[in-house]
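K.L.:
There's a structure below that I have some questions on.
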Amino acid sequence: MVTKEQFMNGVLSYIENEVIPHLPTAGKWGLGALTLLASTKANALYASLAQNTLVKSLGIINNEGLINLNSLSEALKQSAEKYGAVTFQTILGNLTFNAADIDKLRDYIEGKQWT
């Protein structure tokens with residue numbers, strides 16, 4: 001279980017260190033700006049998710065507000081292994097996410113990955 005702060009800090013560090021460096025300059029600017037804007041809305045997004053019936057029933061966020069990183073990352077990893085990598089085609093460039101990326105993101109969230 002991790003706090004929302006651990007989760008957000010890990011996601012932001014992952015984006016900064018693992019995603020942005022692989023984008024063209026315009027993509028770096030765009031994703032950097034979007035990440036900053038999203039981080040200012042993180043509390044509202046988290047509050048909305050914490051009240052979501054599906055999120056509650058799946059136990060992703062518990063009554064104390066902690067995120068079940070084990071369940072979430074394992075489910076995502078199993079899907080990635082079963083169905084393959086997913087590529088998002090954006091105006092910032094193509095972003096591909098696979099099972100190894102889920103492990104790396106989890107390391108960032110748990111504070112194990114520092115560059």
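Every chain in the structure tokens has a letter given in the order shown (A, B, ...), and although residue numbers restart at 1 in each chain, ligands are simply numbered from 1 in the order shown.
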With only C-alpha atoms as the counted atoms, please give the residues lying no more than 12 Å from A:Ser79, apart from itself and same-chain residues fewer than 5 positions off, as a ChimeraX atom specification.
P.N.:
/A:72-74,84-86,97-99,102
K.L.:
Need to verify the contact set: A:Glu110, 12 Å, only C-alpha atoms, exclusion of same-chain residues closer than 2 positions in sequence. Can you return it as a PyMOL selection string?
P.N.:
chain A and resi 1-11+13-14+67-70+73+103-108+112-114
K.L.:
Work out how far atom CA of A:Thr87 is from atom CA of A:Leu36, in Å to one decimal.
P.N.:
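Between atom CA of A:Leu36 and atom CA of A:Thr87 the gap is 22.4 Å.
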K.L.:
Could you tell me, as a list in words, which residues of chain A DSSP assigns to strand (DSSP E) when given the backbone?
P.N.:
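Listing strand (DSSP E) positions across chain A yields Val86, Thr87, Phe88, Gln89, Thr90, Gly93, Asn94, Leu95, Thr96 and Phe97 of chain A.
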K.L.:
Could you work out how far atom CA of A:Ala75 lies from atom CA of A:Asn94, giving the answer in Å with one decimal?
P.N.:
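That distance, rounded to one decimal, is 23.5 Å.
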K.L.:
Looking only at alpha helix (DSSP H) from DSSP on the backbone, list the matching residues of chain A as number ranges by chain.
P.N.:
A: 4-14, 25-40, 42-51, 53-58, 69-83, 99-109
K.L.:
Calculated over only C-alpha atoms, which of the candidates A:Leu45, A:Ile60, A:Leu66, A:Leu92 has the smallest distance to A:Lys28?
P.N.:
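Going through A:Leu45, A:Ile60, A:Leu66, A:Leu92 one by one, the smallest distance to A:Lys28 is for A:Leu92.
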K.L.:
Which of these residues is nearest to A:Trp29, using only C-alpha atoms: A:Gly111, A:Glu16, A:Tyr83, A:Ala100?
P.N.:
A:Glu16
